[in-house]
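Trainee: I am sharing my_file-v6.cif, which consists of mmCIF, C-alpha atoms:
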data_coords
loop_
_atom_site.label_atom_id
_atom_site.label_comp_id
_atom_site.auth_asym_id
_atom_site.auth_seq_id
_atom_site.Cartn_x
_atom_site.Cartn_y
_atom_site.Cartn_z
CA MET A 168 25.25 -115.64 196.16
CA GLN A 169 21.95 -115.91 194.33
CA GLU A 170 22.19 -114.38 190.88
CA LEU A 171 19.25 -112.21 189.92
CA VAL A 172 18.11 -111.52 186.38
CA LEU A 173 15.94 -108.74 185.08
CA VAL A 174 12.99 -109.99 183.05
CA GLN A 175 10.07 -108.28 181.36
CA PRO A 176 6.70 -109.65 182.41
CA GLY A 177 5.26 -108.57 179.06
CA ARG A 178 6.86 -111.69 177.49
CA THR A 179 4.76 -114.75 178.17
CA VAL A 180 4.74 -118.46 177.58
CA GLU A 181 3.01 -117.72 174.31
CA ASP A 182 6.15 -115.93 173.18
CA GLU A 183 8.16 -119.01 173.98
CA LEU A 184 5.71 -121.21 172.11
CA VAL A 185 5.85 -118.95 169.09
CA ARG A 186 9.63 -119.02 169.24
CA GLU A 187 9.69 -122.82 169.47
CA THR A 188 7.26 -123.16 166.59
CA ALA A 189 9.42 -120.90 164.48
CA GLN A 190 12.47 -122.95 165.37
CA ALA A 191 10.71 -126.15 164.36
CA GLY A 192 9.77 -124.57 161.05
CA THR A 193 13.34 -123.46 160.48
CA ARG A 194 14.58 -126.94 161.26
CA ARG A 195 12.12 -128.49 158.81
CA GLU A 196 13.06 -126.07 156.08
CA PHE A 197 16.74 -126.61 156.70
CA GLU A 198 16.35 -130.39 156.67
CA GLU A 199 14.80 -130.16 153.24
CA ARG A 200 17.95 -128.48 151.96
CA LEU A 201 20.37 -130.59 153.93
CA ALA A 202 20.14 -133.73 151.79
CA GLU A 203 20.41 -131.70 148.61
CA CYS A 204 23.19 -129.34 149.59
CA GLY A 205 25.17 -131.34 152.13
CA PRO A 206 27.20 -133.12 149.44
CA LEU A 207 27.92 -129.80 147.77
CA ALA A 208 29.45 -128.43 150.96
CA TYR A 209 31.56 -131.54 151.31
CA ARG A 210 32.79 -131.44 147.72
CA VAL A 211 33.72 -127.78 147.90
CA ALA A 212 35.66 -128.45 151.09
CA ARG A 213 37.33 -131.50 149.62
CA GLY A 214 38.30 -129.60 146.50
CA VAL A 215 40.17 -127.16 148.70
CA LEU A 216 41.54 -129.50 151.34
CA ARG A 217 42.12 -132.68 149.28
CA ASN A 218 41.46 -134.74 152.36
CA THR A 219 38.35 -136.73 153.13
CA ALA A 220 38.39 -136.42 156.91
CA ASP A 221 39.13 -132.70 156.94
CA ALA A 222 36.55 -132.09 154.24
CA GLU A 223 33.91 -133.91 156.25
CA ASP A 224 34.72 -131.87 159.33
CA VAL A 225 34.57 -128.63 157.41
CA ALA A 226 31.34 -129.60 155.64
CA GLN A 227 29.74 -130.40 158.97
CA GLU A 228 30.89 -127.11 160.42
CA ALA A 229 29.62 -125.24 157.38
CA LEU A 230 26.21 -126.89 157.57
CA LEU A 231 25.86 -126.19 161.28
CA ARG A 232 26.90 -122.61 160.78
CA ALA A 233 24.38 -122.29 157.98
CA TYR A 234 21.69 -123.70 160.27
CA ARG A 235 22.49 -121.27 163.05
CA ARG A 236 22.30 -118.36 160.66
CA PHE A 237 19.50 -119.71 158.53
CA ASP A 238 17.04 -117.13 159.85
CA ARG A 239 19.27 -114.35 158.59
CA LEU A 240 19.13 -115.63 155.03
CA ARG A 241 16.43 -113.49 153.44
CA ASP A 242 16.31 -115.22 150.06
CA ARG A 243 16.17 -118.94 150.75
CA ASN A 244 16.66 -119.65 147.06
CA ARG A 245 20.23 -118.49 147.46
CA PHE A 246 20.95 -121.16 150.02
CA ARG A 247 23.27 -123.15 147.75
CA ALA A 248 25.40 -120.15 146.91
CA TRP A 249 25.45 -119.11 150.53
CA LEU A 250 26.51 -122.56 151.66
CA VAL A 251 29.20 -122.80 149.01
CA ARG A 252 30.73 -119.55 150.22
CA ILE A 253 30.61 -120.68 153.85
CA ALA A 254 32.18 -124.05 153.05
CA PHE A 255 34.84 -122.53 150.81
CA ARG A 256 35.79 -119.92 153.39
CA LEU A 257 35.95 -122.46 156.20
CA ALA A 258 38.00 -124.83 154.07
CA LEU A 259 40.46 -122.08 153.25
CA ASP A 260 40.70 -121.18 156.92
CA ARG A 261 41.38 -124.80 157.76
CA LEU A 262 43.99 -125.03 155.05
CA ARG A 263 45.73 -121.89 156.22
CA SER A 264 45.63 -122.81 159.85
CA GLY A 265 47.98 -125.64 159.10
CA LYS A 266 46.30 -127.86 161.63
CA ARG A 267 46.81 -131.48 160.85
CA ARG A 268 48.57 -130.51 157.67
CA GLU A 269 51.38 -132.89 158.34
CA HIS A 270 48.95 -135.68 159.07
CA ARG A 271 47.00 -134.87 155.94
CA ASP A 272 50.10 -134.99 153.76
CA THR A 273 51.04 -138.29 155.26
CA LEU A 274 47.63 -139.72 154.55
CA TRP A 275 47.54 -138.33 151.07
CA SER A 276 50.82 -140.00 150.19
CA GLN A 277 49.44 -143.40 151.12
CA PRO A 278 48.14 -145.46 148.20
CA GLU A 279 44.67 -146.03 149.67
CA HIS A 280 44.09 -142.28 149.78
CA GLN A 281 44.96 -141.68 146.19
CA PRO A 282 41.99 -140.50 144.12
CA ARG A 283 40.29 -143.30 142.30
CA ALA A 284 40.41 -143.49 138.51
CA ALA A 285 37.49 -142.28 136.41
CA THR A 286 37.83 -144.71 133.52
CA ALA A 287 40.30 -147.38 132.64
CA GLU A 288 41.32 -146.14 129.19
CA ASP A 289 41.71 -142.43 129.56
CA LEU A 290 45.01 -140.86 130.48
CA ALA A 291 43.32 -138.79 133.13
CA VAL A 292 42.14 -141.83 134.96
CA SER A 293 45.58 -142.96 135.92
CA ASN A 294 46.18 -142.42 139.60
CA GLU A 295 49.46 -140.75 138.86
CA PHE A 296 47.94 -138.15 136.60
CA GLN A 297 45.12 -137.61 139.06
CA ALA A 298 47.60 -136.97 141.85
CA HIS A 299 49.41 -134.44 139.69
CA LEU A 300 46.12 -132.82 138.83
CA GLU A 301 45.19 -132.49 142.48
CA THR A 302 48.53 -130.90 143.23
CA ALA A 303 48.24 -128.50 140.32
CA LEU A 304 44.71 -127.64 141.36
CA ALA A 305 45.87 -126.81 144.87
CA GLU A 306 48.44 -124.42 143.44
CA LEU A 307 45.84 -122.40 141.55
CA PRO A 308 44.72 -119.05 142.94
CA GLU A 309 41.64 -119.46 145.15
CA LYS A 310 39.27 -117.65 142.82
CA LEU A 311 40.24 -119.77 139.85
CA ARG A 312 40.12 -122.98 141.83
CA LEU A 313 36.63 -122.41 143.19
CA VAL A 314 35.20 -121.58 139.80
CA LEU A 315 36.83 -124.58 138.19
CA LEU A 316 35.58 -126.93 140.88
CA LEU A 317 32.07 -125.55 140.74
CA ALA A 318 32.05 -125.89 136.97
CA ALA A 319 32.99 -129.54 137.27
CA MET A 320 30.66 -130.13 140.20
CA GLU A 321 27.09 -131.39 139.87
CA GLY A 322 26.71 -129.91 136.40
CA HIS A 323 26.56 -126.27 137.41
CA THR A 324 26.05 -123.86 134.54
CA ILE A 325 28.03 -120.67 134.05
CA ASP A 326 25.07 -118.59 135.20
CA GLU A 327 24.62 -120.70 138.32
CA ILE A 328 28.26 -120.32 139.24
CA ALA A 329 28.06 -116.59 138.59
CA ALA A 330 25.09 -116.35 140.94
CA MET A 331 26.82 -118.45 143.55
CA ILE A 332 29.96 -116.40 143.83
CA GLY A 333 28.43 -113.07 142.93
CA VAL A 334 30.32 -112.24 139.74
CA SER A 335 29.28 -111.87 136.12
CA ALA A 336 29.00 -114.79 133.73
CA GLY A 337 31.81 -113.29 131.69
CA THR A 338 34.08 -113.30 134.70
CA VAL A 339 33.24 -116.94 135.34
CA LYS A 340 34.08 -117.87 131.75
CA SER A 341 37.31 -115.97 131.92
CA ARG A 342 38.34 -117.60 135.19
CA ILE A 343 37.53 -121.07 133.89
CA PHE A 344 39.61 -120.42 130.79
CA TYR A 345 42.64 -119.21 132.70
CA ALA A 346 42.31 -121.96 135.28
CA ARG A 347 42.28 -124.71 132.66
CA LYS A 348 45.15 -123.11 130.83
CA GLN A 349 47.26 -122.93 133.98
CA LEU A 350 46.45 -126.52 134.81
CA ALA A 351 47.46 -127.58 131.30
CA GLU A 352 50.79 -125.80 131.65
CA LYS A 353 51.48 -127.58 134.92
CA LEU A 354 50.37 -130.98 133.68
CA ARG A 355 51.68 -131.02 130.13
CA CYS A 356 54.98 -132.61 131.04
CA HIS A 357 53.28 -135.20 133.26
CA ALA A 358 50.79 -136.07 130.55
CA ASN A 359 53.55 -136.54 128.00
CA THR A 360 55.61 -138.61 130.43
CA ILE A 361 52.73 -140.89 131.25
CA LYS A 362 51.69 -141.19 127.63
CA THR A 363 55.13 -142.21 126.40
CA ARG A 364 55.51 -145.01 128.93
CA MET B 234 55.29 -119.48 108.68
CA PRO B 235 56.83 -121.85 111.28
CA CYS B 236 54.56 -124.00 113.46
CA GLU B 237 55.92 -122.41 116.65
CA HIS B 238 54.15 -119.23 115.65
CA TYR B 239 50.75 -120.92 116.02
CA LYS B 240 51.50 -122.79 119.23
CA ASP B 241 49.86 -120.36 121.67
CA THR B 242 46.83 -119.90 119.49
CA LEU B 243 46.38 -123.64 119.18
CA ILE B 244 46.53 -124.04 122.95
CA GLU B 245 43.93 -121.33 123.43
CA VAL B 246 41.65 -122.94 120.89
CA ALA B 247 42.04 -126.29 122.64
CA ALA B 248 41.45 -124.68 126.04
CA ASN B 249 38.22 -123.21 124.72
CA GLY B 250 37.16 -126.60 123.41
CA LEU B 251 37.11 -125.41 119.81
CA ASP B 252 38.35 -127.07 116.65
CA PRO B 253 40.51 -124.88 114.38
CA GLY B 254 39.52 -126.94 111.36
CA ASN B 255 35.83 -126.21 111.85
CA ALA B 256 35.84 -123.03 113.89
CA LEU B 257 34.71 -119.81 112.38
CA ALA B 258 37.46 -117.37 111.50
CA PRO B 259 36.45 -114.08 113.17
CA ASN B 260 39.79 -112.41 112.48
CA ALA B 261 42.87 -112.68 110.36
CA LYS B 262 44.82 -114.53 113.02
CA MET B 263 42.30 -117.31 113.21
CA ALA B 264 42.00 -117.45 109.45
CA ALA B 265 45.77 -117.90 109.15
CA LEU B 266 45.72 -120.60 111.84
CA ARG B 267 42.97 -122.42 110.02
CA ALA B 268 44.90 -122.33 106.78
CA HIS B 269 48.08 -123.56 108.46
CA PHE B 270 46.25 -126.21 110.46
CA GLU B 271 44.76 -127.77 107.35
CA SER B 272 48.14 -128.02 105.69
CA CYS B 273 50.35 -129.03 108.71
CA ALA B 274 50.14 -132.59 110.03
CA SER B 275 52.53 -131.79 112.88
CA CYS B 276 50.25 -129.02 114.20
CA ARG B 277 47.23 -131.28 113.87
CA ALA B 278 49.04 -133.88 115.97
CA ALA B 279 50.07 -131.27 118.54
CA PHE B 280 46.52 -129.97 118.67
CA ALA B 281 45.18 -133.49 119.20
CA GLN B 282 47.61 -133.88 122.07
CA GLU B 283 46.38 -130.63 123.63
CA GLN B 284 42.80 -131.74 123.25
CA ALA B 285 43.63 -135.01 124.99
CA LEU B 286 45.32 -133.10 127.79
CA PHE B 287 42.32 -130.82 128.37
CA SER B 288 40.02 -133.79 128.14
CA SER B 289 42.10 -135.51 130.80
CA ILE B 290 42.01 -132.42 132.98
CA ASP B 291 38.26 -132.19 132.67
CA SER B 292 37.84 -135.85 133.50
CA GLY B 293 40.14 -135.54 136.47
CA LEU B 294 38.28 -132.46 137.67
CA GLN B 295 35.02 -134.37 137.45
CA VAL B 296 36.48 -137.05 139.68
CA THR B 297 37.87 -134.54 142.15
CA ALA B 298 34.86 -132.27 142.23
CA ASN B 299 32.28 -135.04 142.51
CA ALA B 300 34.00 -137.17 145.08
CA ASP B 301 31.82 -139.65 146.93
CA VAL B 302 30.34 -138.10 150.03
CA PRO B 303 31.02 -140.09 153.21
CA ALA B 304 27.87 -141.81 154.39
CA SER B 305 28.52 -140.53 157.88
CA LEU B 306 28.29 -136.85 156.94
CA LEU B 307 24.53 -136.28 156.99
CA PRO B 308 23.87 -138.44 160.08
CA ARG B 309 26.59 -136.53 161.89
CA VAL B 310 25.07 -133.21 160.93
CA ARG B 311 21.58 -134.33 161.92
CA ALA B 312 22.88 -135.51 165.26
CA GLN B 313 24.50 -132.13 165.81
CA LEU B 314 21.27 -130.39 164.85
CA ASN B 315 19.37 -132.51 167.35
CA HIS B 316 21.93 -131.65 169.98
CA LEU B 317 21.55 -127.97 169.20
CA SER B 318 17.77 -128.14 169.40
CA ALA B 319 17.88 -130.11 172.63
CA SER B 320 20.22 -127.65 174.25
CA ARG B 321 17.89 -124.82 173.28
CA ARG B 322 14.92 -126.61 174.87
CA SER B 323 16.74 -127.95 177.88
CA TRP B 324 15.17 -125.41 180.21
CA VAL B 325 11.62 -126.63 179.56
CA PRO B 326 11.76 -129.91 181.55
CA ALA B 327 13.23 -127.99 184.45
CA TRP B 328 10.01 -126.06 184.88
CA ALA B 329 8.86 -128.23 187.70
CA VAL B 330 12.04 -127.64 189.65
CA LEU B 331 11.96 -123.93 188.94
CA ALA B 332 8.31 -123.65 189.85
CA ALA B 333 8.92 -125.49 193.10
CA THR B 334 11.78 -123.16 193.91
CA ALA B 335 9.68 -120.11 193.15
CA ALA B 336 6.83 -121.49 195.25
CA LEU B 337 9.19 -122.05 198.15
CA ILE B 338 10.48 -118.51 197.98
CA LEU B 339 6.97 -117.10 197.75
CA THR B 340 5.83 -119.25 200.65
CA VAL B 341 8.58 -117.91 202.86
CA VAL B 342 7.76 -114.37 201.86
CA VAL B 343 4.04 -114.81 202.48
CA ALA B 344 4.65 -116.47 205.81
CA ARG B 345 6.75 -113.52 206.80
CA GLY B 346 4.04 -111.17 205.63
CA ARG B 347 1.33 -112.95 207.57
CA ARG B 348 3.41 -112.97 210.69
CA GLN B 349 3.95 -109.27 210.37
CA ASP B 350 0.23 -108.74 209.73
CA ALA B 351 -0.71 -110.76 212.78
CA SER B 352 1.75 -109.26 215.19
CA GLY B 353 2.12 -105.84 213.70
CA GLN B 354 -1.29 -104.26 214.31
CA ALA B 355 0.58 -101.22 215.48
CA PRO B 356 1.13 -98.55 212.82
CA GLN B 357 4.92 -98.75 213.08
CA SER B 358 4.86 -102.43 212.01
CA SER B 359 3.09 -101.54 208.81
CA ALA B 360 5.58 -98.80 208.14
CA LEU B 361 8.44 -101.22 208.58
CA ALA B 362 6.88 -103.62 206.08
CA HIS B 363 6.83 -100.87 203.47
CA ALA B 364 10.52 -100.35 203.94
CA ASP B 365 11.30 -104.05 203.48
CA LEU B 366 9.76 -104.93 200.12
CA PRO B 367 11.02 -108.30 198.85
CA ALA B 368 12.06 -109.06 195.28
CA GLU B 369 8.87 -111.07 194.69
CA ILE B 370 6.65 -108.01 194.76
CA PRO B 371 6.04 -108.24 191.01
CA ALA B 372 4.02 -111.37 191.75
CA VAL B 373 1.16 -109.01 192.41
CA ALA B 374 2.20 -106.58 189.74
CA THR B 375 -0.07 -108.07 187.12
CA GLY B 376 -3.04 -105.92 187.81
CA ALA B 377 -5.20 -108.94 188.69
CA PRO B 378 -6.72 -108.28 192.09
CA PRO B 379 -6.38 -111.11 194.58
CA GLN B 380 -9.66 -112.59 195.76
CA THR B 381 -8.82 -113.72 199.28
CA ASN B 382 -8.90 -111.48 202.27
CA SER B 383 -5.38 -112.28 203.24
CA GLY B 384 -4.17 -111.52 199.72
CA GLN B 385 -5.98 -108.21 199.71
CA ARG B 386 -4.54 -107.35 203.02
CA MET B 387 -1.07 -108.29 201.88
CA ASN B 388 -1.31 -106.12 198.77
CA LYS B 389 -2.73 -103.24 200.67
CA HIS B 390 -0.02 -103.33 203.23
CA ARG B 391 2.97 -104.19 201.11
CA LEU B 392 2.59 -102.42 197.76
CA PRO B 393 3.25 -98.73 197.47
CA ALA B 394 0.18 -96.89 196.26
CA LYS B 395 2.17 -95.50 193.36
CA ILE B 396 2.80 -98.99 191.99
CA GLN B 397 -0.76 -100.19 192.61
CA ALA B 398 -2.14 -97.31 190.59
CA SER B 399 0.27 -97.63 187.70
CA ALA B 400 -1.48 -98.24 184.38
CA SER B 401 1.63 -99.80 182.82
CA ILE B 402 2.37 -102.07 185.70
CA GLU B 403 2.38 -105.19 183.51
CA HIS B 404 5.50 -103.99 181.82
CA LEU B 405 7.51 -103.21 184.87
CA PRO B 406 10.85 -105.00 184.85
CA VAL B 407 11.10 -107.65 187.53
CA LEU B 408 14.13 -108.85 189.40
CA LEU B 409 14.03 -112.64 189.78
CA PRO B 410 16.47 -115.35 190.81
CA ALA B 411 18.39 -116.56 187.74
CA GLY B 412 16.76 -119.48 185.96
CA GLN B 413 13.25 -118.86 187.32
CA LYS B 414 11.94 -116.82 184.44
CA ALA B 415 10.10 -119.78 182.93
CA ALA B 416 8.20 -120.53 186.13
CA PHE B 417 7.38 -116.90 186.52
CA ASP B 418 6.06 -116.74 182.95
CA VAL B 419 3.79 -119.74 183.53
CA TRP B 420 2.34 -118.19 186.62
CA LEU B 421 1.94 -114.80 184.96
CA ASP B 422 0.22 -116.37 181.99
CA GLY B 423 -2.25 -118.06 184.32
CA LEU B 424 -3.01 -114.76 185.94
CA ARG B 425 -3.67 -113.10 182.61
CA ARG B 426 -6.01 -115.86 181.52
CA GLY B 427 -7.87 -115.66 184.79
CA LYS B 428 -7.05 -119.25 185.63
CA MET B 429 -4.92 -118.34 188.58
CA GLN B 430 -5.07 -115.80 191.30
CA ALA B 431 -2.20 -113.82 192.61
CA ASN B 432 -1.64 -116.03 195.62
CA ASP B 433 -2.69 -119.35 194.10
CA LEU B 434 0.80 -120.49 193.41
CA PHE B 435 2.06 -120.27 196.93
CA SER B 436 -1.21 -121.18 198.62
CA GLN B 437 -1.39 -124.48 196.70
CA ASN B 438 2.16 -125.37 197.45
CA SER B 439 2.39 -124.15 200.96
CA ASP B 440 2.35 -126.56 203.84
CA LEU B 441 1.69 -123.78 206.25
CA PRO B 442 -1.83 -123.35 207.71
CA GLN B 443 -3.95 -120.90 205.78
CA GLN B 444 -5.27 -119.03 208.78
CA ASP B 445 -3.32 -116.12 210.16
CA LEU B 446 -0.57 -117.04 212.50
CA GLN B 447 -1.42 -116.54 216.15
CA ILE B 448 1.46 -115.44 218.32
CA SER B 449 0.95 -115.21 222.02
CA PRO B 450 2.16 -112.02 223.69
CA LEU B 451 5.54 -112.15 225.37
CA ASP B 452 5.51 -112.91 229.05
CA VAL B 453 8.00 -110.54 230.66
CA SER B 454 8.62 -110.80 234.36
CA PRO B 455 8.54 -107.60 236.37
CA ILE B 456 11.93 -106.08 236.89
CA GLU B 457 13.18 -105.87 240.40
CA VAL B 458 15.24 -102.77 240.99
CA LYS B 459 17.84 -102.78 243.79
CA PRO B 460 20.48 -100.24 244.76
CA LEU B 461 24.01 -101.16 243.72
CA ALA B 462 26.19 -102.67 246.40
CA ASP B 463 29.59 -101.25 247.18
CA VAL B 464 31.82 -102.79 244.52
CA SER B 465 35.09 -101.10 245.42
CA GLY B 466 37.92 -103.64 245.89
CA GLU B 467 36.00 -106.39 244.11
CA SER B 468 37.44 -108.18 241.15
CA PRO B 469 35.76 -107.63 237.74
CA SER B 470 34.58 -111.22 237.76
CA HIS B 471 32.21 -110.40 240.57
CA GLY B 472 30.73 -107.42 238.81
CA GLY B 473 28.09 -109.50 237.12
CA GLU B 474 26.84 -110.84 240.38
CA ALA B 475 26.80 -107.37 241.89
CA ARG B 476 24.69 -105.96 239.07
CA ARG B 477 22.32 -108.83 239.28
#
With the file now loaded, output its structure as structure tokens.

Mentor:
Amino acid sequence: MQELVLVQPGRTVEDELVRETAQAGTRREFEERLAECGPLAYRVARGVLRNTADAEDVAQEALLRAYRRFDRLRDRNRFRAWLVRIAFRLALDRLRSGKRREHRDTLWSQPEHQPRAATAEDLAVSNEFQAHLETALAELPEKLRLVLLLAAMEGHTIDEIAAMIGVSAGTVKSRIFYARKQLAEKLRCHANTIKTR
Amino acid sequence: MPCEHYKDTLIEVAANGLDPGNALAPNAKMAALRAHFESCASCRAAFAQEQALFSSIDSGLQVTANADVPASLLPRVRAQLNHLSASRRSWVPAWAVLAATAALILTVVVARGRRQDASGQAPQSSALAHADLPAEIPAVATGAPPQTNSGQRMNKHRLPAKIQASASIEHLPVLLPAGQKAAFDVWLDGLRRGKMQANDLFSQNSDLPQQDLQISPLDVSPIEVKPLADVSGESPSHGGEARR
């Protein structure tokens, strides 16, 4: 049976052209931010998921979601903060869903997926310490983990982080302090063990 | 005082990235720590170890937080964006198909209307046409008067006077076959700009002759009436012959 739809003749081709022009403008504006903020979305996701493939999937999903809802973002200057929240939330959802968790753990235990060392001399650069750090980081409460990652990421200042996650600068400082302290407690024995070898 | 007493304070100082030997002493606790620190080599060594640990943590966090981004990420996202945009525009190239479909429907409707106009000179034919308005009536609901005689006649016969006189007729909702909105919009836009007339769309696409259809009157033979024969005792199969 032929399906009939109810349309309003008041809307013309001009409306469609205006809509398409607006879409093209949105696309252009989004593209300008994509190169700058795409890596940020990936790094936030990776900080949560600790897996390259999952983080890439989540970053892509976050960027597409941001594009679809880009028109709803009134203050475009808050795009970074907005994207960080989307990526973080999606990454947490992915982590909780447990999908591919077993596969991820298997991959992570393989030597080629171990995080690379930062420098040759420092204790922190040893792959073993880095692996312990990643584990300890994953065990932190979500709020502390996000703040700590953002603080270490792309040179964000305290004020920038505060604006991103919508808390005061004092709260950010406090969370960073407690996060580092908790990490130190978890890693102290590993650091001593590695150092005394 | 034993070194264990200062352990927590030393850790906090290290976590804050301060140096107890140089830090200001805002309270008595810090002042005591500073005094002890300067005199205790063991605490200085422990503090150095804590500093190294936090330095290691910070370095490790830098590595984790600034991981190399896969080169495939942005191309993948751009490809998805292109796919999204293409799917939003996918109806545009189908205009030709939609327009052809709309033209076909309108042609059929107009052909029906002309046939009714040609054969239905009697008043009851016109009345029947009013009762059988097709869904494409909004094609003339733009307020633009058709220029051809046949178009005028069609409007006059097929549109209720109430609709013809309506001032807000351009905003009447229209019932159309699904997927033909775009073609309808193009046509309506042409009407508004004065580039098209109400019946241009179907007249340009119609293969039917433009003149009114001529239908010859029916040739009915005179009926011959005969009295019925006696059918009693005949089988039902012969009844037809008897009536004939």

Trainee: Could you give me, as a VMD selection string, the residues that have an atom at most 10 Å away from the point (30.1, -123.9, 147.7) in the coordinates of the file, using all atoms listed in the file?

Mentor: chain A and resid 204 to 212 226 229 246 to 256 313 to 314 316 to 317 320 328 331 to 332

Trainee: On this structure, the PyMOL selection byres ((chain B) within 8 of (chain A)) would catch which residues? List them as a PyMOL selection string, sorted by chain and number.

Mentor: chain B and resi 245+248-249+286-300+302-303+306-307+309-310+313-314+403-411+414-415+418-419+421-422

Trainee: CA of Ala330 in chain A and CA of Asn244 in chain A are how many Å apart?

Mentor: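 The value is 10.9 Å.
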
Trainee: What does the structure give for the distance between CA of Gly423 in chain B and CA of Ala332 in chain B, in Å to one decimal?

Mentor: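 Computed distance, CA of Gly423 in chain B to CA of Ala332 in chain B, equals 13.2 Å.
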
Trainee: Determine, counting all atoms listed in the file, which protein, DNA and RNA residues have an atom within 12 Å of an atom of range 234-240 of chain B; residues of the same chain fewer than 2 positions away are not included. Present the result as a PyMOL selection string.

Mentor: chain B and resi 242-247+253+262-270+272-280+283

Trainee: What does the distance between CA of Lys353 in chain A and CA of Ala303 in chain A come to in Å, to one decimal place?

Mentor: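 A separation of 6.4 Å between them.
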
Trainee: From the list A:Leu259, A:Leu184, A:Val334, A:Cys356, which residue is nearest Pro308 in chain A when using only C-alpha atoms?

Mentor: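 Looking only at the distances to Pro308 in chain A, the closest residue turns out to be A:Leu259.
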